[in-house]
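See below for the structure under consideration.
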Amino acid sequence: MAESSENPGTFYVSTPIYYVNDVPHIGHAYTTIIADALARFQKLRGKEIFFLTGTDEHGQKIEKAAAEKGLTPIELADKVVGRILDLWKDLNIEYDFFIRTTMDFHERGVQQLFQRLLDKGDIYKGTYKGWYCVSEENFLADDIPLEPDGTKVCPDCGRKAGVVSEESYFFRLSAYQQPLLDYYAANPSFVRPPSRMNEVSSFVRQGLKDLSITRTTVKWGIPVPGDPKHTIYVWFDALNNYLTGIGYGWKAELCGKFWPADIHLIGKDILRFHAVFWPAFLMAGGFPLPKCVFGHGWWLKDEAKMSKSKGNVLDPYQILNAFGPDALRYFLLREVPIGLDGNFSHEGFVNRVNSDLANDFGNLVQRTLTMIRSYFGGTIGECGAEAEEDAKLRAEFGTLKERVFTLYDEYAINKALEEIWAYLNAVNKYLAGREPWKIAKDPAQRPRLARILCQAAAAIRGISYLLYPVMPTTADKVWDFLGEKKLLYCVRYQDLAFEGFKPTQEIKEPHPLFPRVALKDFLGEDPPRIETAKAQPKAAPAPQKETHMDQISYEEFMKMDFKVAKILKAERVAGANKLLKLEIDLGTEKRQMVAGVAETYASEDLLGKSLIVIANLKPAMIRGVESQAMLLAAVSPDGKAIIPFFDREVAPGTKVK
Ligand code: MSP
């Protein structure tokens, strides 16, 4: 449908559905983060979004993994799904539907699609004999040579394949060789990036054989309609999620509205399934094809593919706990174009985050807003006329906005971020060159000072909207500091303008957006205040040792700003048993903090209570929430926190010494 300002249209984006044999790692998070960023961008464009993700739960791989763990396949699936849902929540992934291939509407939908192709003659019964890799759930190509011991090794995972010989239903893939080639020729951007289109078309040109799409040896799968000793091949089952997940077979109007998908995001390893088999199934079923299959690169660790056996799998929580979701989202999307492989190094991560986020962006926000508060009490008010340099900053935002839209539209997210950073640095230069802190000393220059700070705040606001797809949590914080109205999607990108910032807006006290974390802290030599993501095995409580602490001077003690805080709100931190998020009143300001007291206190026990906090401890990210103070509590031998409360009323903010 053509875009118009009245109806910008729809946008349907999907991730692969993840296997449930193991917990997700950074590679899985990557695809989902890309999809989330694209969905959020299109949402701010005003499009109606459908963002589908989910899990691939049938097949021999899952059957085997469950048996090894002493679980039934569905028990294993339920456990892993819980972990995946937690991770998506902690990464701030805003999907519309999470499909599980064990959901009954999906199973029915797959059977209907199977039947449709059977009725048409595109599925027929025969006998299959060949080499099959359980780990990849894939048949080996005929040209793979035999090993000296007479077996074959899977070229994708290096594991031994087994011989399968059984009655099977086949999909007439050979009949779709020419239609696929014609389709690729007519739609060169169906597979992206272009290098992957070449890969796919040369594979298809070599010839396509019919595909066995059922098993009699696998019990954990969807039964073939009318012939239940066969189960449907896990890839036929899984690929159809893209239709059943938007209502095929159960909600026709949804399906009609969103199909064909705008983009299937996948890793390059599963390109053939999505760019050859899937379009052939769809052609056979008489469905239009998705507009784009985008094969992204891999995240490698130490230049190697992550795998459990190599011990190089990156746990997203190691980063999430220390830095929160946006630093990880930013790094993965900024570091490499999404078509290429990236090599993850902790050092590279920490450097990029400290330099781009803490220094360039975090400091700009902190400095600008603090100046507005201290020079203007929070509201700039009347500004002096726009000088040439001010107009330049404004005009540059207009062109930046257009370039960034185009780049997001073309899935060039890393380039969009590069452009935003170039502008951000220009804003930093603008401020450094104008030296508002000097101008502030001269009362006659107040209108000029107001103009400079207004331009900087307007630029920050504009940048925050452009960054929103990649860093939604941060954008939300900036909007809060700026006193933006919290109608999240009210500022459509079309309406985003530099002038959208009004000097009458009341600026709230900013808090550091990205606390700097040193590499050694991150890697654990001297662990920062981080709550571990998942429960650690519990050791018996250690007998309390007499600990000898160094003496400190009175001056050193006085550096610590202990204050009385009154608890205004308390709620549990999702997914963390020990943590409560508290909103506290410190007399002159309110703050939020995270405290490890949930094992001893329920939220309602704490409401209205006053306690002691240290108010000038550096903020820390705990489970993705910024903690802006720390409370004092005794720690009992079994590790529980016991808070000393006051025995009479004390005003919030009262100094404790
Ligand atoms: N279940 C199939 C997909 C079926 S879609 C109809 C599957 N699942 S998977 O869990 O093994 O992988 C899901 C996605 O994660 C794939 O796109 C894969 O490329 C991606 N990644 C797994 N490891 C990765 C990296 N190290 N880096 C980037 N992405 C990687 O395949």
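Identifiers for the structure tokens are assigned positionally: chains receive A, B, ... in sequence, residues are indexed from 1 per chain, and ligands are indexed from 1 in the order shown.
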Within 6 Å of ligand 1, counting only C-alpha atoms and all ligand atoms: which residues, as a tab-separated table (two decimals) with C-alpha atoms, in the first residue's frame?
chain	number	residue	atom	x	y	z
A	16	PRO	CA	13.53	-16.74	13.84
A	17	ILE	CA	11.81	-18.85	16.45
A	18	TYR	CA	14.47	-20.05	18.85
A	19	TYR	CA	15.20	-23.67	19.69
A	27	GLY	CA	23.67	-14.24	19.35
A	28	HIS	CA	19.95	-14.90	19.92
A	56	ASP	CA	10.71	-23.74	17.89
A	238	ALA	CA	8.68	-23.95	12.19
A	239	LEU	CA	8.63	-21.84	9.01
A	266	ILE	CA	17.43	-14.35	10.38
A	267	GLY	CA	21.04	-15.38	10.90
A	268	LYS	CA	23.04	-16.28	7.80
A	269	ASP	CA	23.13	-19.95	8.87
A	298	TRP	CA	27.20	-13.71	13.45
A	299	TRP	CA	28.66	-12.43	16.64
A	300	LEU	CA	31.88	-14.30	17.19
A	305	LYS	CA	31.39	-19.13	16.55
A	306	MET	CA	29.97	-19.34	20.05
Out of stretch 165-294 of chain A, which residues get helix (DSSP H, G or I) from DSSP, as a JSON list (two decimals) with N, CA and C atoms, in the first residue's frame?
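Generated output (out_18.json):
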[["chain", "number", "residue", "atom", "x", "y", "z"],
["A", 173, "LEU", "N", 9.84, -29.80, -4.28],
["A", 173, "LEU", "CA", 10.69, -28.60, -4.36],
["A", 173, "LEU", "C", 11.25, -28.41, -5.77],
["A", 174, "SER", "N", 11.54, -29.54, -6.45],
["A", 174, "SER", "CA", 12.16, -29.46, -7.78],
["A", 174, "SER", "C", 11.29, -28.63, -8.74],
["A", 175, "ALA", "N", 9.98, -28.68, -8.53],
["A", 175, "ALA", "CA", 9.09, -27.95, -9.43],
["A", 175, "ALA", "C", 9.21, -26.44, -9.25],
["A", 176, "TYR", "N", 9.84, -26.01, -8.18],
["A", 176, "TYR", "CA", 9.90, -24.57, -7.89],
["A", 176, "TYR", "C", 11.25, -23.94, -8.21],
["A", 177, "GLN", "N", 12.14, -24.74, -8.80],
["A", 177, "GLN", "CA", 13.46, -24.17, -9.13],
["A", 177, "GLN", "C", 13.32, -22.94, -10.04],
["A", 178, "GLN", "N", 12.62, -23.10, -11.15],
["A", 178, "GLN", "CA", 12.53, -21.98, -12.09],
["A", 178, "GLN", "C", 11.69, -20.83, -11.52],
["A", 179, "PRO", "N", 10.51, -21.14, -10.93],
["A", 179, "PRO", "CA", 9.75, -20.03, -10.33],
["A", 179, "PRO", "C", 10.57, -19.24, -9.31],
["A", 180, "LEU", "N", 11.41, -19.94, -8.54],
["A", 180, "LEU", "CA", 12.23, -19.22, -7.55],
["A", 180, "LEU", "C", 13.24, -18.32, -8.26],
["A", 181, "LEU", "N", 13.92, -18.89, -9.26],
["A", 181, "LEU", "CA", 14.93, -18.09, -9.97],
["A", 181, "LEU", "C", 14.27, -16.87, -10.63],
["A", 182, "ASP", "N", 13.08, -17.09, -11.18],
["A", 182, "ASP", "CA", 12.38, -15.96, -11.81],
["A", 182, "ASP", "C", 12.04, -14.91, -10.76],
["A", 183, "TYR", "N", 11.62, -15.40, -9.61],
["A", 183, "TYR", "CA", 11.24, -14.46, -8.54],
["A", 183, "TYR", "C", 12.45, -13.64, -8.07],
["A", 184, "TYR", "N", 13.59, -14.34, -7.88],
["A", 184, "TYR", "CA", 14.80, -13.62, -7.44],
["A", 184, "TYR", "C", 15.17, -12.55, -8.47],
["A", 185, "ALA", "N", 15.07, -12.94, -9.76],
["A", 185, "ALA", "CA", 15.47, -11.99, -10.81],
["A", 185, "ALA", "C", 14.55, -10.76, -10.81],
["A", 186, "ALA", "N", 13.27, -11.00, -10.55],
["A", 186, "ALA", "CA", 12.33, -9.87, -10.58],
["A", 186, "ALA", "C", 12.36, -9.07, -9.27],
["A", 194, "PRO", "N", 22.94, -8.03, -0.61],
["A", 194, "PRO", "CA", 23.04, -8.59, -1.95],
["A", 194, "PRO", "C", 23.95, -9.82, -2.04],
["A", 195, "SER", "N", 25.01, -9.86, -1.21],
["A", 195, "SER", "CA", 25.92, -11.01, -1.27],
["A", 195, "SER", "C", 25.15, -12.30, -0.97],
["A", 196, "ARG", "N", 24.17, -12.20, -0.11],
["A", 196, "ARG", "CA", 23.40, -13.41, 0.25],
["A", 196, "ARG", "C", 22.42, -13.78, -0.87],
["A", 197, "MET", "N", 21.97, -12.80, -1.60],
["A", 197, "MET", "CA", 21.11, -13.09, -2.76],
["A", 197, "MET", "C", 21.89, -13.93, -3.76],
["A", 198, "ASN", "N", 23.16, -13.56, -3.97],
["A", 198, "ASN", "CA", 23.99, -14.32, -4.92],
["A", 198, "ASN", "C", 24.16, -15.75, -4.45],
["A", 199, "GLU", "N", 24.42, -15.88, -3.15],
["A", 199, "GLU", "CA", 24.63, -17.20, -2.56],
["A", 199, "GLU", "C", 23.39, -18.09, -2.81],
["A", 200, "VAL", "N", 22.23, -17.51, -2.56],
["A", 200, "VAL", "CA", 20.99, -18.27, -2.66],
["A", 200, "VAL", "C", 20.71, -18.64, -4.12],
["A", 201, "SER", "N", 20.85, -17.67, -5.03],
["A", 201, "SER", "CA", 20.47, -18.00, -6.40],
["A", 201, "SER", "C", 21.46, -19.00, -7.00],
["A", 202, "SER", "N", 22.75, -18.94, -6.59],
["A", 202, "SER", "CA", 23.65, -19.93, -7.19],
["A", 202, "SER", "C", 23.33, -21.32, -6.62],
["A", 203, "PHE", "N", 22.87, -21.39, -5.38],
["A", 203, "PHE", "CA", 22.46, -22.69, -4.83],
["A", 203, "PHE", "C", 21.28, -23.26, -5.62],
["A", 204, "VAL", "N", 20.31, -22.39, -5.90],
["A", 204, "VAL", "CA", 19.10, -22.87, -6.59],
["A", 204, "VAL", "C", 19.43, -23.26, -8.04],
["A", 205, "ARG", "N", 20.33, -22.50, -8.65],
["A", 205, "ARG", "CA", 20.71, -22.81, -10.04],
["A", 205, "ARG", "C", 21.33, -24.20, -10.17],
["A", 234, "VAL", "N", 10.44, -30.71, 11.23],
["A", 234, "VAL", "CA", 10.47, -29.55, 12.12],
["A", 234, "VAL", "C", 10.60, -28.22, 11.36],
["A", 235, "TRP", "N", 11.29, -28.21, 10.22],
["A", 235, "TRP", "CA", 11.41, -26.94, 9.50],
["A", 235, "TRP", "C", 10.12, -26.55, 8.78],
["A", 236, "PHE", "N", 9.36, -27.55, 8.29],
["A", 236, "PHE", "CA", 8.06, -27.22, 7.68],
["A", 236, "PHE", "C", 7.16, -26.64, 8.78],
["A", 237, "ASP", "N", 7.19, -27.29, 9.92],
["A", 237, "ASP", "CA", 6.44, -26.84, 11.10],
["A", 237, "ASP", "C", 6.86, -25.41, 11.49],
["A", 238, "ALA", "N", 8.18, -25.22, 11.65],
["A", 238, "ALA", "CA", 8.68, -23.95, 12.19],
["A", 238, "ALA", "C", 8.45, -22.78, 11.23],
["A", 239, "LEU", "N", 8.75, -22.97, 9.95],
["A", 239, "LEU", "CA", 8.63, -21.84, 9.01],
["A", 239, "LEU", "C", 7.20, -21.31, 8.95],
["A", 241, "ASN", "N", 5.30, -20.78, 11.20],
["A", 241, "ASN", "CA", 4.94, -19.89, 12.32],
["A", 241, "ASN", "C", 4.70, -18.46, 11.85],
["A", 242, "TYR", "N", 5.39, -18.10, 10.73],
["A", 242, "TYR", "CA", 5.26, -16.73, 10.26],
["A", 242, "TYR", "C", 3.83, -16.44, 9.79],
["A", 243, "LEU", "N", 3.11, -17.50, 9.43],
["A", 243, "LEU", "CA", 1.70, -17.34, 9.04],
["A", 243, "LEU", "C", 0.77, -17.59, 10.24],
["A", 244, "THR", "N", 1.00, -18.69, 10.96],
["A", 244, "THR", "CA", 0.08, -18.99, 12.08],
["A", 244, "THR", "C", 0.20, -17.92, 13.17],
["A", 252, "ALA", "N", -8.38, -14.50, 10.53],
["A", 252, "ALA", "CA", -8.13, -14.17, 9.13],
["A", 252, "ALA", "C", -7.88, -12.68, 8.91],
["A", 253, "GLU", "N", -8.57, -11.82, 9.69],
["A", 253, "GLU", "CA", -8.43, -10.39, 9.39],
["A", 253, "GLU", "C", -7.02, -9.90, 9.74],
["A", 254, "LEU", "N", -6.44, -10.50, 10.79],
["A", 254, "LEU", "CA", -5.07, -10.11, 11.18],
["A", 254, "LEU", "C", -4.10, -10.53, 10.09],
["A", 255, "CYS", "N", -4.27, -11.75, 9.67],
["A", 255, "CYS", "CA", -3.41, -12.31, 8.63],
["A", 255, "CYS", "C", -3.54, -11.47, 7.35],
["A", 256, "GLY", "N", -4.76, -11.13, 7.01],
["A", 256, "GLY", "CA", -5.00, -10.35, 5.80],
["A", 256, "GLY", "C", -4.35, -8.97, 5.91],
["A", 257, "LYS", "N", -4.32, -8.46, 7.11],
["A", 257, "LYS", "CA", -3.79, -7.11, 7.29],
["A", 257, "LYS", "C", -2.26, -7.08, 7.20],
["A", 258, "PHE", "N", -1.61, -8.09, 7.78],
["A", 258, "PHE", "CA", -0.15, -8.00, 7.89],
["A", 258, "PHE", "C", 0.64, -8.84, 6.88],
["A", 268, "LYS", "N", 22.64, -15.79, 9.13],
["A", 268, "LYS", "CA", 23.04, -16.28, 7.80],
["A", 268, "LYS", "C", 23.03, -17.81, 7.72],
["A", 269, "ASP", "N", 23.10, -18.48, 8.88],
["A", 269, "ASP", "CA", 23.13, -19.95, 8.87],
["A", 269, "ASP", "C", 21.81, -20.58, 8.44],
["A", 270, "ILE", "N", 20.73, -19.82, 8.53],
["A", 270, "ILE", "CA", 19.44, -20.43, 8.20],
["A", 270, "ILE", "C", 18.81, -19.76, 6.97],
["A", 271, "LEU", "N", 19.70, -19.25, 6.12],
["A", 271, "LEU", "CA", 19.26, -18.54, 4.93],
["A", 271, "LEU", "C", 18.52, -19.44, 3.95],
["A", 272, "ARG", "N", 19.08, -20.63, 3.71],
["A", 272, "ARG", "CA", 18.51, -21.52, 2.70],
["A", 272, "ARG", "C", 17.06, -21.89, 3.05],
["A", 273, "PHE", "N", 16.82, -22.13, 4.33],
["A", 273, "PHE", "CA", 15.46, -22.49, 4.75],
["A", 273, "PHE", "C", 14.48, -21.35, 4.44],
["A", 274, "HIS", "N", 14.97, -20.12, 4.66],
["A", 274, "HIS", "CA", 14.07, -18.97, 4.51],
["A", 274, "HIS", "C", 13.99, -18.42, 3.10],
["A", 275, "ALA", "N", 15.06, -18.60, 2.33],
["A", 275, "ALA", "CA", 15.08, -17.96, 1.01],
["A", 275, "ALA", "C", 14.82, -18.97, -0.10],
["A", 276, "VAL", "N", 14.79, -20.27, 0.22],
["A", 276, "VAL", "CA", 14.51, -21.28, -0.81],
["A", 276, "VAL", "C", 13.27, -22.09, -0.42],
["A", 277, "PHE", "N", 13.35, -22.80, 0.71],
["A", 277, "PHE", "CA", 12.23, -23.68, 1.08],
["A", 277, "PHE", "C", 10.95, -22.88, 1.36],
["A", 278, "TRP", "N", 11.11, -21.85, 2.21],
["A", 278, "TRP", "CA", 9.92, -21.09, 2.64],
["A", 278, "TRP", "C", 9.19, -20.44, 1.46],
["A", 279, "PRO", "N", 9.90, -19.72, 0.58],
["A", 279, "PRO", "CA", 9.16, -19.16, -0.56],
["A", 279, "PRO", "C", 8.55, -20.24, -1.44],
["A", 280, "ALA", "N", 9.21, -21.39, -1.54],
["A", 280, "ALA", "CA", 8.62, -22.47, -2.37],
["A", 280, "ALA", "C", 7.33, -22.98, -1.71],
["A", 281, "PHE", "N", 7.33, -23.16, -0.39],
["A", 281, "PHE", "CA", 6.10, -23.59, 0.31],
["A", 281, "PHE", "C", 4.99, -22.55, 0.06],
["A", 282, "LEU", "N", 5.38, -21.29, 0.15],
["A", 282, "LEU", "CA", 4.38, -20.23, 0.00],
["A", 282, "LEU", "C", 3.82, -20.19, -1.42],
["A", 283, "MET", "N", 4.71, -20.34, -2.39],
["A", 283, "MET", "CA", 4.24, -20.35, -3.79],
["A", 283, "MET", "C", 3.26, -21.50, -3.97],
["A", 284, "ALA", "N", 3.62, -22.66, -3.42],
["A", 284, "ALA", "CA", 2.76, -23.84, -3.56],
["A", 284, "ALA", "C", 1.40, -23.58, -2.92],
["A", 285, "GLY", "N", 1.40, -22.89, -1.81],
["A", 285, "GLY", "CA", 0.15, -22.62, -1.09],
["A", 285, "GLY", "C", -0.63, -21.45, -1.68]]
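Between atom CA of A:Asp22 and atom CA of A:Asp262 lies a distance of 29.1 Å.
Backbone DSSP of stretch 206-329 of chain A yields strand (DSSP E) at Leu211, Ser212, Thr214, Arg215, Pro223, Val224, Asp227, Pro228, Lys229, His230, Thr231, Ile232, Ile263, His264, Leu265, Ile266, Gly267, Val293, Phe294, Gly295, His296, Trp299, Leu300, Lys301, Ala304 and Lys305 of chain A.
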Find the residues around A:Val350 up to 7 Å (only C-alpha atoms counted), leave out those fewer than 4 positions away in its own chain, and share them as a PyMOL selection string. chain A and resi 346+354+519
Only all heavy atoms, please: the residues just picked out, written as a compact mmCIF listing (two decimals), in the first residue's frame.
# COMPACT_ATOMS: atom_id res chain seq x y z
N HIS A 346 35.31 -7.86 25.31
CA HIS A 346 34.85 -7.08 26.46
C HIS A 346 35.48 -5.71 26.49
O HIS A 346 34.86 -4.72 26.85
CB HIS A 346 35.15 -7.84 27.76
CG HIS A 346 34.27 -9.05 27.92
ND1 HIS A 346 34.67 -10.30 27.56
CD2 HIS A 346 33.00 -9.16 28.35
CE1 HIS A 346 33.69 -11.14 27.77
NE2 HIS A 346 32.66 -10.48 28.25
N ASN A 354 31.84 3.47 27.35
CA ASN A 354 32.31 4.60 28.15
C ASN A 354 32.52 5.83 27.28
O ASN A 354 32.17 6.95 27.68
CB ASN A 354 33.62 4.24 28.88
CG ASN A 354 33.34 3.39 30.12
OD1 ASN A 354 32.22 3.35 30.63
ND2 ASN A 354 34.35 2.69 30.59
N LEU A 519 36.90 -1.55 33.08
CA LEU A 519 37.00 -2.91 32.53
C LEU A 519 37.25 -3.93 33.63
O LEU A 519 36.67 -5.00 33.66
CB LEU A 519 38.11 -2.95 31.48
CG LEU A 519 38.29 -4.28 30.76
CD1 LEU A 519 37.07 -4.61 29.92
CD2 LEU A 519 39.53 -4.28 29.89
Excluding A:Leu482 and its own-chain neighbours fewer than 5 positions away, which residues fall within 8 Å of it when counting only C-alpha atoms? Please give them as a PyMOL selection string. chain A and resi 461+505-508
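Nearest residue to A:Phe170 among A:Ile643, A:Ile123, A:Ala412, A:Ile612 is A:Ile123, counting only C-alpha atoms.
If you count only C-alpha atoms and ignore residues fewer than 4 places along the chain from A:Thr654, what sits within 9 Å of it is Phe562, Lys563, Val564, Ala565, Leu586, Gly587 and Val650 of chain A.
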Find the spatial neighbours of A:Ala39, counting only C-alpha atoms, within a cut-off of 12 Å - ignore same-chain residues fewer than 2 positions away - and output them as an NGL selection string. :A and (10-15 or 32-37 or 41-52 or 93-96 or 262-263 or 265 or 408-409 or 411 or 468-470 or 472)
